[in-house]
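Enquirer: Dropping in upload00.pdb, with PDB, C-alpha atoms and all ligand atoms.
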```pdb
ATOM      1  CA  MET A   1      70.781 117.906 102.178  1.00  0.00           C
ATOM      2  CA  ASN A   2      71.075 114.345 103.486  1.00  0.00           C
ATOM      3  CA  GLU A   3      70.732 114.427 107.288  1.00  0.00           C
ATOM      4  CA  CYS A   4      72.027 110.890 107.808  1.00  0.00           C
ATOM      5  CA  LEU A   5      74.617 110.901 110.627  1.00  0.00           C
ATOM      6  CA  PHE A   6      77.204 108.834 108.731  1.00  0.00           C
ATOM      7  CA  CYS A   7      76.770 110.870 105.525  1.00  0.00           C
ATOM      8  CA  ARG A   8      77.370 113.994 107.605  1.00  0.00           C
ATOM      9  CA  MET A   9      80.562 112.395 109.006  1.00  0.00           C
ATOM     10  CA  PHE A  10      81.761 111.744 105.441  1.00  0.00           C
ATOM     11  CA  ARG A  11      81.126 115.426 104.654  1.00  0.00           C
ATOM     12  CA  GLY A  12      83.104 116.442 107.759  1.00  0.00           C
ATOM     13  CA  GLU A  13      80.062 118.049 109.410  1.00  0.00           C
ATOM     14  CA  VAL A  14      80.169 115.713 112.416  1.00  0.00           C
ATOM     15  CA  GLU A  15      83.346 114.751 114.265  1.00  0.00           C
ATOM     16  CA  SER A  16      84.357 111.130 114.592  1.00  0.00           C
ATOM     17  CA  ARG A  17      87.357 109.136 115.759  1.00  0.00           C
ATOM     18  CA  LYS A  18      88.507 107.903 112.386  1.00  0.00           C
ATOM     19  CA  VAL A  19      90.939 104.974 112.510  1.00  0.00           C
ATOM     20  CA  TYR A  20      91.030 104.059 108.803  1.00  0.00           C
ATOM     21  CA  GLU A  21      89.817 105.443 105.488  1.00  0.00           C
ATOM     22  CA  ASP A  22      90.128 104.797 101.784  1.00  0.00           C
ATOM     23  CA  ASP A  23      88.368 106.204  98.717  1.00  0.00           C
ATOM     24  CA  ASP A  24      85.097 104.320  99.318  1.00  0.00           C
ATOM     25  CA  ASN A  25      84.944 103.728 103.072  1.00  0.00           C
ATOM     26  CA  MET A  26      85.853 104.983 106.501  1.00  0.00           C
ATOM     27  CA  ALA A  27      86.189 103.265 109.861  1.00  0.00           C
ATOM     28  CA  ILE A  28      85.424 104.989 113.145  1.00  0.00           C
ATOM     29  CA  LEU A  29      85.566 103.992 116.791  1.00  0.00           C
ATOM     30  CA  ASP A  30      82.036 103.274 118.057  1.00  0.00           C
ATOM     31  CA  ILE A  31      81.094 105.714 120.857  1.00  0.00           C
ATOM     32  CA  ASN A  32      78.386 103.346 122.032  1.00  0.00           C
ATOM     33  CA  PRO A  33      80.021  99.911 121.975  1.00  0.00           C
ATOM     34  CA  ARG A  34      78.102  96.810 122.980  1.00  0.00           C
ATOM     35  CA  MET A  35      80.639  94.040 122.388  1.00  0.00           C
ATOM     36  CA  HIS A  36      83.983  95.596 123.356  1.00  0.00           C
ATOM     37  CA  GLU A  37      85.146  99.144 124.018  1.00  0.00           C
ATOM     38  CA  CYS A  38      87.409  98.820 120.971  1.00  0.00           C
ATOM     39  CA  GLN A  39      84.479  98.332 118.597  1.00  0.00           C
ATOM     40  CA  VAL A  40      84.929  99.812 115.131  1.00  0.00           C
ATOM     41  CA  LEU A  41      82.284 100.667 112.521  1.00  0.00           C
ATOM     42  CA  VAL A  42      83.323 100.271 108.884  1.00  0.00           C
ATOM     43  CA  ILE A  43      81.057 102.457 106.763  1.00  0.00           C
ATOM     44  CA  PRO A  44      80.734 102.732 102.959  1.00  0.00           C
ATOM     45  CA  ARG A  45      80.513 106.230 101.478  1.00  0.00           C
ATOM     46  CA  THR A  46      77.435 105.270  99.467  1.00  0.00           C
ATOM     47  CA  HIS A  47      74.230 105.767 101.437  1.00  0.00           C
ATOM     48  CA  VAL A  48      72.260 102.541 101.533  1.00  0.00           C
ATOM     49  CA  GLU A  49      70.482 101.161 104.588  1.00  0.00           C
ATOM     50  CA  GLN A  50      71.767  97.588 104.356  1.00  0.00           C
ATOM     51  CA  PHE A  51      75.172  96.368 103.178  1.00  0.00           C
ATOM     52  CA  TYR A  52      73.565  93.950 100.731  1.00  0.00           C
ATOM     53  CA  GLN A  53      72.062  96.892  98.841  1.00  0.00           C
ATOM     54  CA  LEU A  54      75.556  97.929  97.679  1.00  0.00           C
ATOM     55  CA  GLY A  55      76.798  97.030  94.221  1.00  0.00           C
ATOM     56  CA  ASP A  56      79.259  94.144  93.990  1.00  0.00           C
ATOM     57  CA  GLU A  57      82.296  96.414  93.536  1.00  0.00           C
ATOM     58  CA  GLU A  58      81.318  98.609  96.470  1.00  0.00           C
ATOM     59  CA  LEU A  59      80.667  95.562  98.624  1.00  0.00           C
ATOM     60  CA  ALA A  60      84.062  94.085  97.710  1.00  0.00           C
ATOM     61  CA  SER A  61      85.656  97.415  98.611  1.00  0.00           C
ATOM     62  CA  LEU A  62      83.772  97.515 101.930  1.00  0.00           C
ATOM     63  CA  PHE A  63      85.020  94.064 102.901  1.00  0.00           C
ATOM     64  CA  ARG A  64      88.571  94.883 101.869  1.00  0.00           C
ATOM     65  CA  ALA A  65      88.283  97.757 104.360  1.00  0.00           C
ATOM     66  CA  VAL A  66      86.832  95.336 106.941  1.00  0.00           C
ATOM     67  CA  LYS A  67      89.897  93.145 106.460  1.00  0.00           C
ATOM     68  CA  GLU A  68      92.239  96.127 106.968  1.00  0.00           C
ATOM     69  CA  VAL A  69      90.408  97.060 110.165  1.00  0.00           C
ATOM     70  CA  ALA A  70      90.515  93.458 111.400  1.00  0.00           C
ATOM     71  CA  LEU A  71      94.306  93.463 110.892  1.00  0.00           C
ATOM     72  CA  ILE A  72      94.557  96.779 112.735  1.00  0.00           C
ATOM     73  CA  ILE A  73      92.575  95.394 115.691  1.00  0.00           C
ATOM     74  CA  LYS A  74      94.633  92.198 115.615  1.00  0.00           C
ATOM     75  CA  ARG A  75      97.866  94.181 115.827  1.00  0.00           C
ATOM     76  CA  ALA A  76      96.587  96.580 118.482  1.00  0.00           C
ATOM     77  CA  TYR A  77      94.914  94.059 120.828  1.00  0.00           C
ATOM     78  CA  ASN A  78      96.056  90.615 119.634  1.00  0.00           C
ATOM     79  CA  PRO A  79      92.636  89.030 120.315  1.00  0.00           C
ATOM     80  CA  ASP A  80      91.923  85.337 119.661  1.00  0.00           C
ATOM     81  CA  PHE A  81      89.284  86.380 117.108  1.00  0.00           C
ATOM     82  CA  VAL A  82      88.026  89.433 115.272  1.00  0.00           C
ATOM     83  CA  SER A  83      84.253  89.255 115.026  1.00  0.00           C
ATOM     84  CA  LEU A  84      81.798  90.952 112.657  1.00  0.00           C
ATOM     85  CA  PHE A  85      78.259  92.062 113.197  1.00  0.00           C
ATOM     86  CA  SER A  86      75.780  93.970 111.079  1.00  0.00           C
ATOM     87  CA  ARG A  87      72.168  94.761 111.728  1.00  0.00           C
ATOM     88  CA  GLY A  88      71.325  98.424 111.128  1.00  0.00           C
ATOM     89  CA  MET A  89      68.860  99.258 113.880  1.00  0.00           C
ATOM     90  CA  GLY A  90      70.820 102.290 115.111  1.00  0.00           C
ATOM     91  CA  VAL A  91      71.883 104.426 112.138  1.00  0.00           C
ATOM     92  CA  PRO A  92      70.086 103.581 108.872  1.00  0.00           C
ATOM     93  CA  HIS A  93      73.304 103.709 106.812  1.00  0.00           C
ATOM     94  CA  ALA A  94      75.008 100.376 106.166  1.00  0.00           C
ATOM     95  CA  HIS A  95      77.935  99.587 108.472  1.00  0.00           C
ATOM     96  CA  ILE A  96      79.863  96.548 109.595  1.00  0.00           C
ATOM     97  CA  ILE A  97      80.770  96.297 113.274  1.00  0.00           C
ATOM     98  CA  VAL A  98      84.263  94.869 113.774  1.00  0.00           C
ATOM     99  CA  SER A  99      85.310  93.915 117.280  1.00  0.00           C
ATOM    100  CA  PRO A 100      88.015  91.905 119.052  1.00  0.00           C
ATOM    101  CA  ALA A 101      86.933  88.732 120.830  1.00  0.00           C
ATOM    102  CA  TRP A 102      88.625  86.261 123.136  1.00  0.00           C
ATOM    103  CA  ARG A 103      88.200  82.552 123.545  1.00  0.00           C
ATOM    104  CA  ASN A 104      86.458  82.824 126.921  1.00  0.00           C
ATOM    105  CA  ASP A 105      84.165  85.724 125.998  1.00  0.00           C
ATOM    106  CA  VAL A 106      80.495  85.208 126.559  1.00  0.00           C
ATOM    107  CA  ILE A 107      79.066  87.633 124.044  1.00  0.00           C
ATOM    108  CA  LEU A 108      75.605  87.627 125.571  1.00  0.00           C
ATOM    109  CA  THR A 109      77.057  88.622 128.951  1.00  0.00           C
ATOM    110  CA  GLY A 110      79.019  91.382 127.265  1.00  0.00           C
ATOM    111  CA  PHE A 111      75.907  92.694 125.575  1.00  0.00           C
ATOM    112  CA  MET A 112      74.000  92.714 128.850  1.00  0.00           C
ATOM    113  CA  LEU A 113      76.798  94.369 130.837  1.00  0.00           C
ATOM    114  CA  ASN A 114      77.140  97.100 128.259  1.00  0.00           C
ATOM    115  CA  ARG A 115      73.394  97.642 128.213  1.00  0.00           C
ATOM    116  CA  ILE A 116      73.487  98.060 132.006  1.00  0.00           C
ATOM    117  CA  ASN A 117      76.400 100.516 131.660  1.00  0.00           C
ATOM    118  CA  ILE A 118      74.459 102.527 129.141  1.00  0.00           C
ATOM    119  CA  LEU A 119      71.324 102.489 131.309  1.00  0.00           C
ATOM    120  CA  PHE A 120      73.349 103.889 134.205  1.00  0.00           C
ATOM    121  CA  ASN A 121      74.999 106.421 131.908  1.00  0.00           C
ATOM    122  CA  ALA A 122      78.419 104.847 132.391  1.00  0.00           C
ATOM    123  CA  ALA A 123      79.440 104.547 128.749  1.00  0.00           C
ATOM    124  CA  VAL A 124      83.155 104.479 127.876  1.00  0.00           C
ATOM    125  CA  PRO A 125      84.700 107.857 128.858  1.00  0.00           C
ATOM    126  CA  SER A 126      85.729 110.195 126.048  1.00  0.00           C
ATOM    127  CA  GLN A 127      89.418 110.126 127.078  1.00  0.00           C
ATOM    128  CA  THR A 128      89.436 106.326 126.956  1.00  0.00           C
ATOM    129  CA  LEU A 129      87.934 106.411 123.456  1.00  0.00           C
ATOM    130  CA  ASP A 130      90.634 108.918 122.386  1.00  0.00           C
ATOM    131  CA  LYS A 131      93.361 106.565 123.652  1.00  0.00           C
ATOM    132  CA  ILE A 132      91.832 103.539 121.912  1.00  0.00           C
ATOM    133  CA  ALA A 133      91.511 105.436 118.624  1.00  0.00           C
ATOM    134  CA  GLU A 134      95.175 106.472 118.875  1.00  0.00           C
ATOM    135  CA  LYS A 135      96.237 102.874 119.559  1.00  0.00           C
ATOM    136  CA  LEU A 136      94.337 101.700 116.469  1.00  0.00           C
ATOM    137  CA  ARG A 137      95.887 104.426 114.293  1.00  0.00           C
ATOM    138  CA  ASN A 138      99.364 103.362 115.449  1.00  0.00           C
ATOM    139  CA  ALA A 139      98.545  99.771 114.536  1.00  0.00           C
ATOM    140  CA  ARG A 140      97.240 100.931 111.137  1.00  0.00           C
ATOM    141  CA  ASP A 141     100.528 102.741 110.485  1.00  0.00           C
ATOM    142  CA  LYS A 142     102.534  99.646 111.423  1.00  0.00           C
ATOM    143  CA  ASN A 143     100.410  97.477 109.124  1.00  0.00           C
ATOM    144  CA  GLU A 144     101.019  99.954 106.287  1.00  0.00           C
ATOM    145  CA  CYS A 145     104.751  99.848 107.024  1.00  0.00           C
ATOM    146  CA  ALA A 146     104.742  96.067 107.079  1.00  0.00           C
ATOM    147  CA  LYS A 147     103.142  96.046 103.609  1.00  0.00           C
ATOM    148  CA  VAL A 148     105.746  98.411 102.180  1.00  0.00           C
ATOM    149  CA  VAL A 149     108.612  96.421 103.673  1.00  0.00           C
ATOM    150  CA  LYS A 150     107.092  93.130 102.533  1.00  0.00           C
ATOM    151  CA  GLN A 151     106.912  94.492  98.979  1.00  0.00           C
ATOM    152  CA  ARG A 152     110.516  95.607  99.259  1.00  0.00           C
ATOM    153  CA  PHE A 153     111.464  92.198 100.670  1.00  0.00           C
ATOM    154  CA  GLU A 154     109.743  90.442  97.766  1.00  0.00           C
ATOM    155  CA  SER A 155     111.460  92.619  95.142  1.00  0.00           C
ATOM    156  CA  ASN A 156     114.834  92.250  96.944  1.00  0.00           C
ATOM    157  CA  LYS A 157     114.362  88.500  97.057  1.00  0.00           C
ATOM    158  CA  ILE A 158     113.852  88.476  93.313  1.00  0.00           C
ATOM    159  CA  SER A 159     116.935  90.586  92.658  1.00  0.00           C
ATOM    160  CA  GLN A 160     118.988  88.608  95.211  1.00  0.00           C
ATOM    161  CA  GLY A 161     117.852  85.412  93.563  1.00  0.00           C
ATOM    162  CA  LYS A 162     118.927  86.696  90.164  1.00  0.00           C
ATOM    163  CA  ARG A 163     122.291  87.789  91.554  1.00  0.00           C
ATOM    164  CA  ALA A 164     122.841  84.432  93.272  1.00  0.00           C
ATOM    165  CA  PHE A 165     122.028  82.685  90.038  1.00  0.00           C
ATOM    166  CA  GLN A 166     124.527  84.844  88.141  1.00  0.00           C
ATOM    167  CA  TYR A 167     127.323  84.075  90.630  1.00  0.00           C
ATOM    168  CA  GLY A 168     126.399  80.442  90.952  1.00  0.00           C
ATOM    169  CA  ARG A 169     125.744  80.442  94.743  1.00  0.00           C
ATOM    170  CA  PRO A 170     122.559  80.198  96.782  1.00  0.00           C
ATOM    171  CA  ALA A 171     121.101  83.320  98.368  1.00  0.00           C
ATOM    172  CA  VAL A 172     121.380  82.511 102.094  1.00  0.00           C
ATOM    173  CA  PRO A 173     121.217  84.590 105.291  1.00  0.00           C
ATOM    174  CA  ASN A 174     124.435  86.028 106.817  1.00  0.00           C
ATOM    175  CA  GLN A 175     125.619  87.139 103.398  1.00  0.00           C
ATOM    176  CA  GLY A 176     123.792  90.425 103.285  1.00  0.00           C
ATOM    177  CA  VAL A 177     120.617  88.864 101.988  1.00  0.00           C
ATOM    178  CA  VAL A 178     117.336  90.366 103.194  1.00  0.00           C
ATOM    179  CA  THR A 179     115.626  87.923 105.563  1.00  0.00           C
ATOM    180  CA  PRO A 180     112.245  88.046 107.317  1.00  0.00           C
ATOM    181  CA  VAL A 181     114.065  88.866 110.596  1.00  0.00           C
ATOM    182  CA  SER A 182     115.793  91.881 109.088  1.00  0.00           C
ATOM    183  CA  VAL A 183     112.495  92.883 107.501  1.00  0.00           C
ATOM    184  CA  ALA A 184     110.747  92.744 110.901  1.00  0.00           C
ATOM    185  CA  SER A 185     113.358  94.950 112.533  1.00  0.00           C
ATOM    186  CA  GLU A 186     113.232  97.332 109.580  1.00  0.00           C
ATOM    187  CA  VAL A 187     109.477  97.637 110.053  1.00  0.00           C
ATOM    188  CA  GLU A 188     109.932  98.682 113.665  1.00  0.00           C
ATOM    189  CA  GLN A 189     112.966 100.904 113.307  1.00  0.00           C
ATOM    190  CA  THR A 190     113.171 102.542 109.935  1.00  0.00           C
ATOM    191  CA  VAL A 191     110.103 102.773 107.797  1.00  0.00           C
ATOM    192  CA  CYS A 192     107.651 103.464 110.604  1.00  0.00           C
ATOM    193  CA  GLU A 193     109.286 106.817 111.267  1.00  0.00           C
ATOM    194  CA  THR A 194     107.705 108.014 108.024  1.00  0.00           C
ATOM    195  CA  PRO A 195     104.548 105.942 107.649  1.00  0.00           C
ATOM    196  CA  PRO A 196     102.948 106.085 104.196  1.00  0.00           C
ATOM    197  CA  HIS A 197      99.419 106.686 105.429  1.00  0.00           C
ATOM    198  CA  LYS A 198      96.824 109.348 104.846  1.00  0.00           C
ATOM    199  CA  ILE A 199      96.627 112.075 107.470  1.00  0.00           C
ATOM    200  CA  LEU A 200      93.232 111.804 109.107  1.00  0.00           C
TER     201      LEU A 200
HETATM  202 ZN    ZN A 301      74.007 108.018 105.031  1.00  0.00          ZN
END
```
How would this structure read if it were set down as structure tokens?

Expert:
Amino acid sequence: MNECLFCRMFRGEVESRKVYEDDDNMAILDINPRMHECQVLVIPRTHVEQFYQLGDEELASLFRAVKEVALIIKRAYNPDFVSLFSRGMGVPHAHIIVSPAWRNDVILTGFMLNRINILFNAAVPSQTLDKIAEKLRNARDKNECAKVVKQRFESNKISQGKRAFQYGRPAVPNQGVVTPVSVASEVEQTVCETPPHKIL
């Protein structure tokens, strides 16, 4: 049996704080962050040591997952940037590190501070990690909702457009037409009560 830590997480033999998953990949909160305490690892199911050893389809799938996680982090923390890092010195199973970053960050300082924290055994407390993971999952659900509502908005726009054409008037707001503002409030109020996401 493969003893790789990440393979064991995929098999459910080791617990992790999962914040996203799809058929090919999962994303977990890093318990040993070096850039920011909300540092996420996006991991492909296929066991290879380096991301560039994946096939093209698997690599495309991995980076689609990276994009989803970046959007989750953006919604949860609204950073100036979402940064990526990949090296593979820790666990020899390919993974992309995704982390929020701000304009005034000095990454080197962050690295050094976190190294000092780890040396003095002051890593991020478990309860804090639980809260961060929950915040990311909430953001994931809202992103999923936004996608569903956007699709509905697009299809409504098409049908509204057809209707307006039939009646010879433009489809404008204040006449019951779906607008981005109504879509935004629908995201927050209606659809998010039953988010279409996988139960982790
Ligand atoms: Zn593995």

Enquirer: Written as an NGL selection string, which residues does the PyMOL selection byres (((chain A and resi 84) around 9) and not hetatm) give for the file shown?

Expert: :A and (66 or 82-83 or 85-86 or 96-100)

Enquirer: Just want the 10 Å neighbourhood of Asp22 of chain A, counted on only C-alpha atoms, with same-chain residues fewer than 3 positions away dropped. Output as a list in words.

Expert: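 Contacts, in chain order: Asn25, Met26, Ala27, Pro44, Arg45, Ser61, Leu62, Ala65 and Lys198 of chain A.
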
Enquirer: For the structure provided, state which residues fall under the PyMOL selection byres (((not hetatm)) within 8 of (chain A and resi 301)), and present them as JSON, numbers by chain.

Expert: {"A": [2, 3, 4, 5, 6, 7, 8, 45, 46, 47, 48, 49, 92, 93, 94]}

Enquirer: What's the separation between atom CA of Val124 of chain A and atom CA of Glu37 of chain A, in Å to one decimal place?

Expert: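 Between atom CA of Val124 of chain A and atom CA of Glu37 of chain A the gap works out to 6.9 Å.
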
Enquirer: Let me make sure I understand: among A:Glu13, A:Trp102, A:Gln151, A:Leu41, which one has the smallest atom-to-atom distance to Lys74 of chain A if we use only C-alpha atoms?

Expert: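 Distance minimum relative to Lys74 of chain A lands on A:Trp102.
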
Enquirer: Which one is closest to Pro125 of chain A: A:Val14, A:Leu59, A:Ile72, A:Ile31? Count all atoms listed in the file.

Expert: A:Ile31

Enquirer: Take segment 29-51 of chain A, bring it up to N, CA and C atoms, and give me the output as a short mmCIF file (atom, residue, chain, number, x, y, z; two decimals), in the frame of the given file.

Expert:
```
data_model
loop_
_atom_site.label_atom_id
_atom_site.label_comp_id
_atom_site.auth_asym_id
_atom_site.auth_seq_id
_atom_site.Cartn_x
_atom_site.Cartn_y
_atom_site.Cartn_z
N LEU A 29 85.78 104.67 115.51
CA LEU A 29 85.57 103.99 116.79
C LEU A 29 84.12 104.24 117.22
N ASP A 30 83.44 103.17 117.62
CA ASP A 30 82.04 103.27 118.06
C ASP A 30 81.98 103.96 119.42
N ILE A 31 81.17 105.03 119.55
CA ILE A 31 81.09 105.71 120.86
C ILE A 31 80.09 105.03 121.77
N ASN A 32 79.41 104.03 121.24
CA ASN A 32 78.39 103.35 122.03
C ASN A 32 78.54 101.83 121.87
N PRO A 33 79.73 101.32 122.27
CA PRO A 33 80.02 99.91 121.98
C PRO A 33 79.20 98.95 122.82
N ARG A 34 78.87 97.82 122.25
CA ARG A 34 78.10 96.81 122.98
C ARG A 34 78.87 95.50 123.13
N MET A 35 79.90 95.30 122.30
CA MET A 35 80.64 94.04 122.39
C MET A 35 81.97 94.23 123.09
N HIS A 36 82.69 95.32 122.76
CA HIS A 36 83.98 95.60 123.36
C HIS A 36 84.22 97.08 123.19
N GLU A 37 84.98 97.69 124.13
CA GLU A 37 85.15 99.14 124.02
C GLU A 37 85.93 99.52 122.76
N CYS A 38 86.74 98.58 122.25
CA CYS A 38 87.41 98.82 120.97
C CYS A 38 86.54 98.23 119.86
N GLN A 39 85.41 98.81 119.64
CA GLN A 39 84.48 98.33 118.60
C GLN A 39 84.49 99.37 117.48
N VAL A 40 84.74 98.90 116.26
CA VAL A 40 84.93 99.81 115.13
C VAL A 40 83.79 99.62 114.13
N LEU A 41 83.31 100.73 113.56
CA LEU A 41 82.28 100.67 112.52
C LEU A 41 82.94 100.96 111.18
N VAL A 42 82.80 100.04 110.24
CA VAL A 42 83.32 100.27 108.88
C VAL A 42 82.13 100.66 108.01
N ILE A 43 82.23 101.85 107.40
CA ILE A 43 81.06 102.46 106.76
C ILE A 43 81.37 102.79 105.29
N PRO A 44 80.52 102.35 104.36
CA PRO A 44 80.73 102.73 102.96
C PRO A 44 80.25 104.16 102.72
N ARG A 45 80.90 104.84 101.80
CA ARG A 45 80.51 106.23 101.48
C ARG A 45 79.10 106.28 100.90
N THR A 46 78.76 105.29 100.10
CA THR A 46 77.44 105.27 99.47
C THR A 46 76.34 105.05 100.51
N HIS A 47 75.32 105.90 100.45
CA HIS A 47 74.23 105.77 101.44
C HIS A 47 73.23 104.70 100.99
N VAL A 48 73.31 103.56 101.64
CA VAL A 48 72.26 102.54 101.53
C VAL A 48 71.98 102.09 102.97
N GLU A 49 70.80 101.54 103.21
CA GLU A 49 70.48 101.16 104.59
C GLU A 49 71.14 99.84 104.99
N GLN A 50 71.22 98.91 104.05
CA GLN A 50 71.77 97.59 104.36
C GLN A 50 72.96 97.31 103.44
N PHE A 51 73.96 96.59 103.97
CA PHE A 51 75.17 96.37 103.18
C PHE A 51 74.89 95.61 101.89
#
```
